[in-house]
file coords_24.txt (compact mmCIF, C-alpha atoms and all ligand atoms)
# COMPACT_ATOMS: atom_id res chain seq x y z
CA MET G 1 -7.65 46.71 -55.75
CA GLY G 2 -7.37 46.56 -59.54
CA ARG G 3 -6.59 49.44 -61.86
CA THR G 4 -10.23 50.15 -62.78
CA ASP G 5 -11.25 50.24 -59.12
CA VAL G 6 -8.59 52.81 -58.39
CA ASN G 7 -9.73 54.88 -61.38
CA ASN G 8 -13.34 54.77 -60.23
CA LEU G 9 -12.38 55.98 -56.79
CA LYS G 10 -10.35 58.75 -58.41
CA ARG G 11 -13.26 59.85 -60.57
CA HIS G 12 -15.41 60.18 -57.46
CA LYS G 13 -12.62 61.80 -55.48
CA MET G 14 -13.94 63.97 -52.72
CA LYS G 15 -13.50 67.69 -52.94
CA LYS G 16 -13.43 70.23 -50.16
CA GLU G 17 -16.72 71.64 -51.39
CA HIS G 18 -18.43 68.22 -51.03
CA VAL G 19 -17.29 68.00 -47.43
CA LEU G 20 -18.48 71.55 -46.73
CA ASN G 21 -21.90 70.80 -48.24
CA CYS G 22 -22.30 68.03 -45.64
CA SER G 23 -21.39 70.30 -42.75
CA PHE G 24 -24.51 70.55 -40.60
CA SER G 25 -25.13 74.28 -40.91
CA SER G 26 -24.83 74.06 -44.72
CA TRP G 27 -27.85 71.80 -45.06
CA TYR G 28 -29.96 72.21 -41.92
CA ASP G 29 -32.01 75.24 -42.97
CA ARG G 30 -32.94 73.68 -46.30
CA PHE G 31 -33.98 70.36 -44.74
CA LYS G 32 -35.40 71.60 -41.44
CA ASP G 33 -38.83 70.10 -42.03
CA LEU G 34 -37.42 66.63 -42.69
CA THR G 35 -34.97 66.31 -39.85
CA ILE G 36 -34.63 66.37 -36.06
CA LYS G 37 -35.03 69.78 -34.46
CA SER G 38 -31.61 71.24 -33.71
CA VAL G 39 -29.77 74.35 -32.55
CA VAL G 40 -26.52 75.53 -34.15
CA LEU G 41 -24.12 77.42 -31.85
CA PRO G 42 -20.97 78.91 -33.39
CA LEU G 43 -17.96 77.83 -31.32
CA PRO G 44 -15.93 80.62 -29.73
CA GLN G 45 -12.17 80.33 -30.38
CA GLU G 46 -11.43 79.74 -26.66
CA PHE G 47 -13.71 76.72 -26.75
CA ILE G 48 -11.95 75.32 -29.81
CA ASP G 49 -8.62 75.81 -28.02
CA TYR G 50 -10.03 74.01 -24.97
CA LEU G 51 -11.06 71.06 -27.15
CA HIS G 52 -7.57 70.92 -28.66
CA LYS G 53 -5.87 70.80 -25.26
CA ASP G 54 -4.93 67.49 -23.68
CA GLY G 55 -6.72 66.41 -20.55
CA VAL G 56 -10.29 66.63 -19.38
CA VAL G 57 -11.18 69.37 -16.95
CA LEU G 58 -14.67 70.75 -16.92
CA PRO G 59 -15.42 74.43 -16.55
CA GLU G 60 -16.76 75.49 -13.17
CA GLY G 61 -20.53 75.67 -13.16
CA SER G 62 -21.05 73.38 -16.16
CA VAL G 63 -22.02 70.42 -13.99
CA GLN G 64 -25.66 69.97 -13.07
CA GLY G 65 -26.15 68.52 -9.59
CA SER G 66 -28.18 65.33 -9.86
CA SER G 67 -27.54 63.62 -13.19
CA GLN G 68 -23.80 63.69 -12.80
CA SER G 69 -22.92 60.68 -10.70
CA ARG G 70 -20.46 58.69 -12.76
CA PRO G 71 -19.96 54.94 -12.47
CA GLU G 72 -16.28 55.33 -11.54
CA ASP G 73 -17.39 56.82 -8.23
CA GLU G 74 -17.92 53.26 -7.00
CA ASN G 75 -14.29 53.09 -6.07
CA ASP G 76 -13.40 55.62 -3.40
CA ASP G 77 -10.08 54.11 -2.31
CA ASP G 78 -8.20 57.13 -3.47
CA ASP G 79 -9.96 59.63 -1.23
CA ASP G 80 -6.82 60.40 0.75
CA VAL G 81 -4.65 61.28 -2.17
CA ASP G 82 -3.86 64.92 -2.75
CA TRP G 83 -4.05 65.57 -6.46
CA GLY G 84 -3.77 69.31 -5.97
CA SER G 85 -0.85 71.11 -7.52
CA GLY G 86 0.68 68.38 -9.71
CA SER G 87 -1.91 68.60 -12.46
CA ALA G 88 -2.30 72.36 -12.37
CA ALA G 89 -0.04 72.98 -15.35
CA VAL G 90 -2.44 71.23 -17.71
CA ALA G 91 -5.64 71.02 -15.75
CA VAL G 92 -6.81 74.57 -15.46
CA ALA G 93 -10.58 74.69 -15.50
CA PRO G 94 -11.59 76.99 -18.34
CA GLU G 95 -14.61 79.25 -18.37
CA PHE G 96 -16.95 80.25 -21.19
CA PRO G 97 -19.88 81.83 -19.38
CA GLU G 98 -21.54 83.34 -22.44
CA PHE G 99 -21.24 80.18 -24.54
CA GLU G 100 -22.36 78.09 -21.61
CA ARG G 101 -25.46 80.21 -21.19
CA LEU G 102 -26.32 79.56 -24.84
CA VAL G 103 -25.78 75.82 -24.43
CA LYS G 104 -28.07 75.71 -21.40
CA LYS G 105 -30.71 77.73 -23.22
CA ALA G 106 -30.56 75.41 -26.24
CA ILE G 107 -30.86 72.30 -24.07
CA GLN G 108 -33.95 73.79 -22.48
CA LYS G 109 -35.43 74.75 -25.83
CA LEU G 110 -34.89 71.19 -27.12
CA GLY G 111 -36.73 69.57 -24.23
CA GLY G 112 -33.94 69.05 -21.71
CA ARG G 113 -32.19 66.14 -23.45
CA VAL G 114 -29.90 66.63 -26.44
CA PHE G 115 -27.57 64.80 -28.81
CA PRO G 116 -24.31 66.72 -29.47
CA LYS G 117 -22.07 66.88 -32.52
CA LEU G 118 -19.74 69.22 -34.39
CA ASN G 119 -20.02 70.14 -38.07
CA TRP G 120 -19.74 66.53 -39.23
CA SER G 121 -19.28 64.07 -36.41
CA ALA G 122 -20.87 63.00 -33.19
CA PRO G 123 -18.59 61.72 -30.38
CA ARG G 124 -19.82 58.14 -30.89
CA ASP G 125 -16.47 56.73 -29.79
CA ALA G 126 -16.74 58.39 -26.36
CA THR G 127 -19.98 56.92 -24.97
CA TRP G 128 -17.90 54.81 -22.54
CA ILE G 129 -17.34 57.93 -20.46
CA SER G 130 -20.98 58.86 -19.94
CA PHE G 131 -23.14 57.68 -17.08
CA ASP G 132 -25.68 55.75 -19.19
CA LYS G 133 -23.28 54.90 -22.06
CA THR G 134 -25.21 57.01 -24.55
CA LEU G 135 -24.70 60.44 -26.07
CA LYS G 136 -27.65 61.88 -24.18
CA CYS G 137 -26.75 65.22 -22.56
CA THR G 138 -28.73 67.23 -20.04
CA CYS G 139 -26.21 69.91 -19.09
CA PRO G 140 -23.16 71.62 -20.63
CA SER G 141 -20.62 69.43 -18.81
CA ASP G 142 -22.15 66.30 -20.39
CA VAL G 143 -21.54 67.91 -23.77
CA TYR G 144 -17.98 69.05 -22.99
CA LEU G 145 -16.95 65.70 -21.57
CA LEU G 146 -18.11 63.79 -24.65
CA LEU G 147 -16.56 66.25 -27.09
CA LYS G 148 -13.24 66.25 -25.24
CA SER G 149 -13.08 62.47 -25.01
CA SER G 150 -13.70 61.75 -28.69
CA ASP G 151 -11.23 61.04 -31.45
CA PHE G 152 -14.02 61.59 -33.99
CA ILE G 153 -14.43 65.16 -32.75
CA ALA G 154 -10.66 65.63 -32.83
CA HIS G 155 -10.79 64.52 -36.46
CA ASP G 156 -13.44 67.14 -37.32
CA LEU G 157 -11.20 69.77 -35.76
CA SER G 158 -7.84 68.72 -37.09
CA GLN G 159 -8.39 67.17 -40.50
CA PRO G 160 -11.87 67.76 -41.86
CA PHE G 161 -10.62 67.58 -45.45
CA LEU G 162 -8.67 64.35 -45.17
CA HIS G 163 -8.90 62.41 -48.48
CA CYS G 164 -9.91 65.54 -50.40
CA SER G 165 -8.14 65.80 -53.72
CA ASP G 166 -8.17 69.57 -54.04
CA CYS G 167 -6.81 71.12 -50.88
CA ASP G 168 -3.93 71.55 -48.57
CA LEU G 169 -5.04 70.20 -45.19
CA GLU G 170 -3.67 73.00 -43.05
CA MET G 171 -4.83 75.87 -45.23
CA ALA G 172 -8.31 74.50 -45.72
CA ARG G 173 -8.92 73.99 -42.04
CA ALA G 174 -8.53 77.69 -41.40
CA ASP G 175 -11.68 78.40 -43.49
CA VAL G 176 -13.96 76.19 -41.43
CA LYS G 177 -16.51 77.89 -39.24
CA TYR G 178 -16.99 75.43 -36.40
CA ASP G 179 -20.34 74.95 -34.69
CA LEU G 180 -21.67 72.94 -31.80
CA ILE G 181 -24.85 71.21 -32.93
CA LEU G 182 -27.39 70.22 -30.33
CA ARG G 183 -30.26 68.02 -31.53
CA ARG G 184 -33.40 67.08 -29.67
CA TRP G 185 -32.80 63.64 -28.16
CA GLN G 186 -34.69 60.84 -29.94
CA ASP G 187 -35.01 57.28 -28.73
CA LEU G 188 -34.19 55.67 -32.05
CA GLN G 189 -34.57 51.97 -32.79
CA PRO G 190 -31.21 51.13 -34.35
CA GLY G 191 -32.69 48.57 -36.76
CA MET G 192 -34.76 51.30 -38.41
CA GLU G 193 -31.80 53.43 -39.44
CA PHE G 194 -30.50 53.22 -42.99
CA ARG G 195 -27.57 54.67 -44.91
CA CYS G 196 -28.35 55.62 -48.51
CA PHE G 197 -25.74 56.11 -51.22
CA VAL G 198 -26.39 58.52 -54.08
CA ARG G 199 -24.10 58.44 -57.12
CA ASN G 200 -24.61 60.85 -60.03
CA LYS G 201 -28.04 61.82 -58.66
CA LYS G 202 -29.23 58.19 -58.50
CA LEU G 203 -29.96 56.25 -55.37
CA ILE G 204 -27.81 53.18 -55.91
CA ALA G 205 -27.50 51.47 -52.54
CA ILE G 206 -29.06 51.21 -49.07
CA SER G 207 -27.46 49.54 -46.06
CA GLN G 208 -28.71 48.95 -42.56
CA ARG G 209 -26.97 51.67 -40.54
CA HIS G 210 -25.86 49.50 -37.61
CA HIS G 211 -24.31 46.81 -39.71
CA ILE G 212 -23.02 44.57 -36.95
CA GLN G 213 -26.49 43.64 -35.69
CA TYR G 214 -29.01 41.20 -37.09
CA TYR G 215 -32.57 42.56 -37.24
CA ALA G 216 -35.05 39.81 -38.05
CA PHE G 217 -37.80 42.18 -39.27
CA LEU G 218 -35.77 43.60 -42.16
CA GLU G 219 -36.26 40.55 -44.40
CA SER G 220 -40.07 40.79 -44.32
CA GLN G 221 -40.13 44.58 -44.71
CA LYS G 222 -37.40 44.95 -47.30
CA ASP G 223 -39.63 45.90 -50.25
CA GLU G 224 -41.48 48.59 -48.29
CA ILE G 225 -38.22 49.93 -46.93
CA ILE G 226 -36.76 50.32 -50.42
CA SER G 227 -39.93 51.97 -51.79
CA ASP G 228 -40.22 54.35 -48.85
CA ILE G 229 -36.60 55.43 -49.11
CA GLN G 230 -36.83 55.81 -52.89
CA ALA G 231 -39.91 58.02 -52.61
CA PHE G 232 -38.32 60.08 -49.85
CA PHE G 233 -35.16 60.52 -51.89
CA TYR G 234 -36.80 61.49 -55.19
CA HIS G 235 -39.45 63.78 -53.66
CA MET G 236 -37.65 65.42 -50.75
CA ILE G 237 -33.90 65.18 -51.15
CA SER G 238 -32.60 64.85 -54.69
CA ASN G 239 -33.63 68.26 -56.05
CA LYS G 240 -32.50 70.10 -52.92
CA PHE G 241 -29.03 68.73 -52.22
CA PRO G 242 -26.31 70.55 -54.18
CA ASP G 243 -24.03 67.60 -55.08
CA GLU G 244 -24.40 64.77 -57.58
CA SER G 245 -22.95 62.15 -55.26
CA TYR G 246 -23.38 61.98 -51.49
CA VAL G 247 -24.60 59.76 -48.69
CA PHE G 248 -27.59 60.39 -46.44
CA ASP G 249 -28.84 58.62 -43.33
CA VAL G 250 -32.55 58.16 -42.62
CA TYR G 251 -34.69 56.82 -39.83
CA ARG G 252 -37.87 54.96 -40.77
CA LYS G 253 -40.14 55.25 -37.79
CA ASP G 254 -42.78 53.24 -39.53
CA LYS G 255 -44.34 52.79 -42.95
CA GLY G 256 -44.16 56.06 -44.87
CA HIS G 257 -42.63 57.99 -41.93
CA LEU G 258 -39.03 58.89 -42.65
CA THR G 259 -36.75 61.34 -40.88
CA LEU G 260 -33.51 62.63 -42.31
CA VAL G 261 -30.65 62.13 -39.84
CA ASP G 262 -27.47 63.27 -41.58
CA PHE G 263 -25.57 63.91 -44.82
CA ASN G 264 -22.07 62.53 -45.40
CA PRO G 265 -19.56 62.93 -48.23
CA PHE G 266 -19.46 60.29 -50.98
CA GLY G 267 -16.02 58.83 -50.29
CA GLU G 268 -13.84 56.82 -48.01
CA VAL G 269 -14.29 59.08 -44.96
CA THR G 270 -17.85 57.77 -44.85
CA ASP G 271 -18.30 54.19 -43.67
CA ALA G 272 -19.60 52.05 -46.57
CA LEU G 273 -21.13 49.63 -44.01
CA LEU G 274 -22.30 46.48 -45.88
CA PHE G 275 -20.88 47.76 -49.19
CA THR G 276 -17.33 48.64 -50.19
CA TRP G 277 -16.18 51.90 -51.70
CA GLU G 278 -14.81 49.98 -54.70
CA GLU G 279 -18.34 48.79 -55.47
CA LEU G 280 -20.00 52.10 -54.71
CA ALA G 281 -17.68 54.19 -56.85
CA ASN G 282 -17.70 51.81 -59.81
CA ASP G 283 -19.92 53.45 -62.47
CA SER G 284 -19.91 50.34 -64.64
CA GLY G 285 -20.30 47.82 -61.83
CA GLU G 286 -23.27 46.00 -60.38
CA LEU G 287 -24.84 48.96 -58.60
CA LYS G 288 -26.75 50.66 -61.40
CA ALA G 289 -29.79 52.12 -59.67
CA GLU G 290 -32.78 50.97 -61.69
CA ARG G 291 -33.65 49.92 -58.19
CA PRO G 292 -31.21 50.47 -55.32
CA GLU G 293 -29.62 47.41 -53.79
CA PHE G 294 -30.59 46.98 -50.15
CA ARG G 295 -28.16 45.09 -47.93
CA PHE G 296 -28.85 43.86 -44.43
CA LEU G 297 -27.58 40.96 -42.37
CA GLN G 298 -29.52 37.85 -43.35
CA SER G 299 -28.79 35.82 -40.24
CA LYS G 300 -27.14 35.94 -36.86
CA ASP G 301 -24.08 34.24 -38.38
CA GLY G 302 -23.29 37.43 -40.24
CA VAL G 303 -22.92 39.43 -37.02
CA GLN G 304 -19.59 41.20 -37.06
CA PRO G 305 -17.38 42.25 -34.18
CA ASN G 306 -18.21 45.62 -32.67
CA PRO G 307 -16.05 48.17 -34.48
CA PHE G 308 -16.05 50.33 -31.33
CA ALA G 309 -14.65 47.61 -29.06
CA TYR G 310 -11.33 49.41 -29.26
CA PHE G 311 -12.93 52.60 -27.98
CA ALA G 312 -14.22 50.90 -24.83
CA MET G 313 -10.68 51.28 -23.55
CA PRO G 314 -10.15 54.95 -22.81
CA ARG G 315 -7.63 56.32 -25.26
CA ASP G 316 -6.11 58.25 -22.36
CA PHE G 317 -5.32 55.04 -20.52
CA VAL G 318 -3.80 53.57 -23.65
CA ASP G 319 -1.50 56.59 -23.85
CA LEU G 320 -0.73 56.31 -20.19
CA ALA G 321 0.15 52.64 -20.43
CA ALA G 322 2.46 53.51 -23.28
CA GLY G 323 4.07 56.15 -21.06
CA GLU G 324 3.15 58.81 -23.58
CA ASP G 325 1.38 61.36 -21.46
CA PRO G 326 1.55 61.01 -17.68
CA TYR G 327 -0.48 64.20 -17.23
CA LYS G 328 -3.54 62.55 -18.73
CA LEU G 329 -4.33 60.36 -15.75
CA MET G 330 -3.85 63.28 -13.42
CA ASP G 331 -6.29 65.29 -15.48
CA LEU G 332 -8.88 62.54 -15.47
CA LEU G 333 -8.57 62.18 -11.72
CA HIS G 334 -8.76 65.91 -11.27
CA LEU G 335 -12.11 65.71 -13.02
CA LYS G 336 -13.24 62.91 -10.73
CA VAL G 337 -12.25 64.90 -7.67
CA GLN G 338 -14.22 67.89 -8.91
CA THR G 339 -17.24 65.78 -9.71
CA SER G 340 -17.30 63.90 -6.44
CA THR G 341 -16.70 67.08 -4.44
CA SER G 342 -19.71 68.75 -6.01
CA GLU G 343 -21.80 65.63 -5.37
CA ASN G 344 -20.81 65.43 -1.74
CA THR G 345 -21.89 68.98 -1.18
CA SER G 346 -25.14 68.65 -3.12
CA SER G 347 -26.40 65.37 -1.68
CA ASP G 348 -25.69 63.52 1.52
CA GLU G 349 -27.77 60.40 0.79
CA ASP G 350 -25.42 59.33 -1.96
CA THR G 351 -22.43 58.40 0.16
CA THR G 352 -22.76 54.67 -0.44
CA SER G 353 -22.58 54.78 -4.22
N1 LIG Z 401 -31.10 63.40 -32.06
C1 LIG Z 401 -30.64 62.18 -31.78
N2 LIG Z 401 -31.02 61.53 -30.65
C2 LIG Z 401 -30.54 60.30 -30.35
N3 LIG Z 401 -29.70 59.61 -31.13
C3 LIG Z 401 -29.29 60.18 -32.29
C4 LIG Z 401 -29.74 61.49 -32.67
N4 LIG Z 401 -29.18 61.79 -33.85
C5 LIG Z 401 -28.42 60.75 -34.19
N5 LIG Z 401 -28.47 59.76 -33.27
C6 LIG Z 401 -27.79 58.45 -33.30
O1 LIG Z 401 -26.39 58.68 -33.46
C7 LIG Z 401 -25.91 58.10 -34.65
C8 LIG Z 401 -24.89 59.00 -35.30
O2 LIG Z 401 -25.48 60.25 -35.64
P1 LIG Z 401 -24.89 61.16 -36.79
O3 LIG Z 401 -25.50 62.49 -36.68
O4 LIG Z 401 -25.03 60.47 -38.11
O5 LIG Z 401 -23.35 61.25 -36.38
P2 LIG Z 401 -22.10 60.82 -37.27
O6 LIG Z 401 -22.19 61.62 -38.50
O7 LIG Z 401 -20.93 61.17 -36.43
O8 LIG Z 401 -22.25 59.35 -37.51
C9 LIG Z 401 -27.14 57.88 -35.51
O9 LIG Z 401 -26.96 56.79 -36.37
C10 LIG Z 401 -28.22 57.62 -34.47
O10 LIG Z 401 -28.19 56.27 -34.08
MG MG Z 402 -22.73 61.46 -40.30
call {"tool": "encode", "arguments": {"input": "coords_24.txt", "output": "structure tokens"}}
result
Amino acid sequence: MGRTDVNNLKRHKMKKEHVLNCSFSSWYDRFKDLTIKSVVLPLPQEFIDYLHKDGVVLPEGSVQGSSQSRPEDENDDDDDVDWGSGSAAVAVAPEFPEFERLVKKAIQKLGGRVFPKLNWSAPRDATWISFDKTLKCTCPSDVYLLLKSSDFIAHDLSQPFLHCSDCDLEMARADVKYDLILRRWQDLQPGMEFRCFVRNKKLIAISQRHHIQYYAFLESQKDEIISDIQAFFYHMISNKFPDESYVFDVYRKDKGHLTLVDFNPFGEVTDALLFTWEELANDSGELKAERPEFRFLQSKDGVQPNPFAYFAMPRDFVDLAAGEDPYKLMDLLHLKVQTSTSENTSSDEDTTS
């Protein structure tokens, strides 16, 4: 990186306030009509403590009978092993009956299937642990399991103001009011999602959101996509969002039908996808915004490796292999024992799976 690039990044240095403005509850009320219906539930301190603790043990009663069979149940070799007391020190099942009641009520209100996240991040790195490998949740334990298994969620909790130029990490974190966000589940076509970069109130750049995939239809629709996003930005977003520079994600269901998905800070914590932050932050560079530049993969040859490949390997097993935390495996197995016990009692037909 040259000297001017570094200066440009400095000029657009993220501030704590910019990060807070992208926190879900800061923008949701103002943009309710443009985005996916959601419920915001303030997190009780005990739940935050539970998320901070190592190990995965679900609260009693959070598991819903039928949808809970997990793929790892295929292997029942370990039925004879007594996992009882050894894991007790770490694996105490917590209880949050009042919070849990609110989660259940919200899931019901949102149609029975929800997408979970905290103030900024969804647990996208933890889909490996869910039954259908998505973030779709139908009961509180689905939500807890994803949140507890995600490094992205841990980041929201431990260092939300990383890369901010104006605050002490520890002090700032204390001011954050954490929420669980539940959003109505949407079956989104990944090729129709776009990330839009706004610098000094101008829409300068648009990237396909899932930048490792090639979507053949983007080439023929590129002009409409740019015009739709420009109109959406200038009419619905730009005069209502408090910052000069930020990033928003949209879903284009079809021509003229756009849904706002999320806001993200303008800075390195946000993935620049098919751009680089050096380009995006450079006021005198190529991206000038008479018309935003739209980038998408032009051919299959451009397909990049899956950035989440690393996350397919449970972080807990990585730690275990490194001998870092022997309690982790016990905790995971404790969970499995709980899950399979509740299945055995709720359904007898399932014994072969
Ligand atoms: N309500 C929803 N239903 C289903 N999938 C969703 C929903 N909201 C978001 N997604 C998917 O999850 C991805 C990440 O969502 P987002 O809220 O931007 O989380 P993050 O900020 O952690 O990236 C989106 O790009 C979209 O593909
Ligand atoms: Mg986001």
call {"tool": "atom_distance", "arguments": {"input": "coords_24.txt", "atom1": "atom CA of G:Lys117", "atom2": "atom CA of G:Ile181"}}
result
5.2 Å
call {"tool": "closest_atom_pairs", "arguments": {"input": "coords_24.txt", "of": "chain G", "to": "ligand MG 402 (chain Z)", "cutoff": "8 Å", "atoms": "all atoms listed in the file", "output": "JSON lines"}}
result
{"residue": "G:Trp120", "atom": "CA", "partner": "Z:MG402", "partner_atom": "MG", "distance": 6.0}
{"residue": "G:Ser121", "atom": "CA", "partner": "Z:MG402", "partner_atom": "MG", "distance": 5.8}
{"residue": "G:Ala122", "atom": "CA", "partner": "Z:MG402", "partner_atom": "MG", "distance": 7.5}
{"residue": "G:Phe248", "atom": "CA", "partner": "Z:MG402", "partner_atom": "MG", "distance": 7.9}
{"residue": "G:Asp249", "atom": "CA", "partner": "Z:MG402", "partner_atom": "MG", "distance": 7.4}
{"residue": "G:Val261", "atom": "CA", "partner": "Z:MG402", "partner_atom": "MG", "distance": 8.0}
{"residue": "G:Asp262", "atom": "CA", "partner": "Z:MG402", "partner_atom": "MG", "distance": 5.2}
{"residue": "G:Phe263", "atom": "CA", "partner": "Z:MG402", "partner_atom": "MG", "distance": 5.9}
{"residue": "G:Asn264", "atom": "CA", "partner": "Z:MG402", "partner_atom": "MG", "distance": 5.3}
{"residue": "G:Thr270", "atom": "CA", "partner": "Z:MG402", "partner_atom": "MG", "distance": 7.6}
call {"tool": "closest_residue", "arguments": {"input": "coords_24.txt", "among": "G:Asp54, G:Asp271, G:Glu224, G:Asp179", "to": "ligand LIG 401 (chain Z)", "atoms": "all atoms listed in the file"}}
result
G:Asp271
call {"tool": "atom_distance", "arguments": {"input": "coords_24.txt", "atom1": "atom CA of G:Tyr28", "atom2": "atom CA of G:Lys16"}}
result
18.6 Å
call {"tool": "closest_residue", "arguments": {"input": "coords_24.txt", "among": "G:Met14, G:Cys167, G:Leu180, G:Leu34", "to": "G:Glu100", "atoms": "only C-alpha atoms"}}
result
G:Leu180
call {"tool": "residues_near_ligand", "arguments": {"input": "coords_24.txt", "ligand": "ligand LIG 401 (chain Z)", "cutoff": "10 Å", "atoms": "only C-alpha atoms and all ligand atoms", "output": "MDAnalysis selection string"}}
result
chainID G and resid 22:24 35:38 110 113:125 134:137 152:153 156 181:195 209:210 248:251 260:264 270:271
call {"tool": "closest_residue", "arguments": {"input": "coords_24.txt", "among": "G:Phe275, G:Phe31, G:Tyr144, G:Phe131", "to": "G:Leu287", "atoms": "only C-alpha atoms"}}
result
G:Phe275
call {"tool": "closest_residue", "arguments": {"input": "coords_24.txt", "among": "G:His12, G:His155, G:Lys202, G:Lys222", "to": "G:Asn282", "atoms": "only C-alpha atoms"}}
result
G:His12
call {"tool": "residues_near_point", "arguments": {"input": "coords_24.txt", "point": "(-11.1, 68.2, -47.1)", "cutoff": "10 Å", "atoms": "only C-alpha atoms", "output": "MDAnalysis selection string"}}
result
chainID G and resid 14:20 159:170 172:173 269
call {"tool": "closest_residue", "arguments": {"input": "coords_24.txt", "among": "G:Ser299, G:Ser207, G:Asn21, G:Ser227", "to": "G:His257", "atoms": "all atoms listed in the file"}}
result
G:Ser227
call {"tool": "atom_distance", "arguments": {"input": "coords_24.txt", "atom1": "atom CA of G:Gly112", "atom2": "atom CA of G:Ser150"}}
result
22.6 Å
call {"tool": "closest_residue", "arguments": {"input": "coords_24.txt", "among": "G:Glu46, G:Asp132, G:Asp142, G:Asp254", "to": "G:Phe99", "atoms": "all atoms listed in the file"}}
result
G:Glu46
call {"tool": "residues_near_point", "arguments": {"input": "coords_24.txt", "point": "(-13.4, 67.8, -26.7)", "cutoff": "8 Å", "atoms": "all atoms listed in the file", "output": "list in words"}}
result
Tyr50, Leu51, His52, Tyr144, Leu145, Leu146, Leu147, Lys148, Ser149, Ser150, Ile153 and Ala154 of chain G
call {"tool": "axis_aligned_box", "arguments": {"input": "coords_24.txt", "around": "stretch 20-30 of chain G", "padding_each_side": "4 Å", "output": "lines of an AutoDock Vina configuration file"}}
result
center_x = -25.7
center_y = 71.6
center_z = -44.4
size_x = 22.5
size_y = 15.2
size_z = 15.6
call {"tool": "build_atoms", "arguments": {"input": "coords_24.txt", "residues": "stretch 228-240 of chain G", "atoms": "N, CA, C and O atoms", "output": "mmCIF file, in the coordinates of the input"}}
result
data_model
loop_
_atom_site.group_PDB
_atom_site.id
_atom_site.type_symbol
_atom_site.label_atom_id
_atom_site.label_comp_id
_atom_site.auth_asym_id
_atom_site.auth_seq_id
_atom_site.Cartn_x
_atom_site.Cartn_y
_atom_site.Cartn_z
ATOM 1 N N ASP G 228 -40.122 53.148 -49.674
ATOM 2 C CA ASP G 228 -40.220 54.350 -48.850
ATOM 3 C C ASP G 228 -38.998 55.246 -49.030
ATOM 4 O O ASP G 228 -39.121 56.469 -49.161
ATOM 5 N N ILE G 229 -37.822 54.623 -49.008
ATOM 6 C CA ILE G 229 -36.600 55.430 -49.110
ATOM 7 C C ILE G 229 -36.485 56.040 -50.514
ATOM 8 O O ILE G 229 -36.110 57.201 -50.669
ATOM 9 N N GLN G 230 -36.870 55.261 -51.523
ATOM 10 C CA GLN G 230 -36.830 55.810 -52.890
ATOM 11 C C GLN G 230 -37.749 57.017 -53.023
ATOM 12 O O GLN G 230 -37.353 58.056 -53.556
ATOM 13 N N ALA G 231 -38.959 56.902 -52.510
ATOM 14 C CA ALA G 231 -39.910 58.020 -52.610
ATOM 15 C C ALA G 231 -39.379 59.230 -51.855
ATOM 16 O O ALA G 231 -39.424 60.364 -52.348
ATOM 17 N N PHE G 232 -38.873 58.995 -50.667
ATOM 18 C CA PHE G 232 -38.320 60.080 -49.850
ATOM 19 C C PHE G 232 -37.191 60.761 -50.601
ATOM 20 O O PHE G 232 -37.123 61.997 -50.684
ATOM 21 N N PHE G 233 -36.312 59.962 -51.172
ATOM 22 C CA PHE G 233 -35.160 60.520 -51.890
ATOM 23 C C PHE G 233 -35.620 61.346 -53.093
ATOM 24 O O PHE G 233 -35.238 62.513 -53.246
ATOM 25 N N TYR G 234 -36.454 60.773 -53.953
ATOM 26 C CA TYR G 234 -36.800 61.490 -55.190
ATOM 27 C C TYR G 234 -37.700 62.700 -54.932
ATOM 28 O O TYR G 234 -37.597 63.706 -55.622
ATOM 29 N N HIS G 235 -38.549 62.640 -53.917
ATOM 30 C CA HIS G 235 -39.450 63.780 -53.660
ATOM 31 C C HIS G 235 -38.858 64.854 -52.760
ATOM 32 O O HIS G 235 -39.157 66.028 -52.916
ATOM 33 N N MET G 236 -38.054 64.454 -51.781
ATOM 34 C CA MET G 236 -37.650 65.420 -50.750
ATOM 35 C C MET G 236 -36.178 65.805 -50.774
ATOM 36 O O MET G 236 -35.811 66.836 -50.238
ATOM 37 N N ILE G 237 -35.333 64.943 -51.307
ATOM 38 C CA ILE G 237 -33.900 65.180 -51.150
ATOM 39 C C ILE G 237 -33.236 65.577 -52.466
ATOM 40 O O ILE G 237 -32.513 66.569 -52.541
ATOM 41 N N SER G 238 -33.478 64.789 -53.515
ATOM 42 C CA SER G 238 -32.600 64.850 -54.690
ATOM 43 C C SER G 238 -32.561 66.234 -55.340
ATOM 44 O O SER G 238 -31.512 66.666 -55.784
ATOM 45 N N ASN G 239 -33.687 66.946 -55.380
ATOM 46 C CA ASN G 239 -33.630 68.260 -56.050
ATOM 47 C C ASN G 239 -33.147 69.377 -55.121
ATOM 48 O O ASN G 239 -33.001 70.508 -55.548
ATOM 49 N N LYS G 240 -32.918 69.047 -53.854
ATOM 50 C CA LYS G 240 -32.500 70.100 -52.920
ATOM 51 C C LYS G 240 -31.053 69.994 -52.470
ATOM 52 O O LYS G 240 -30.521 70.927 -51.892
#
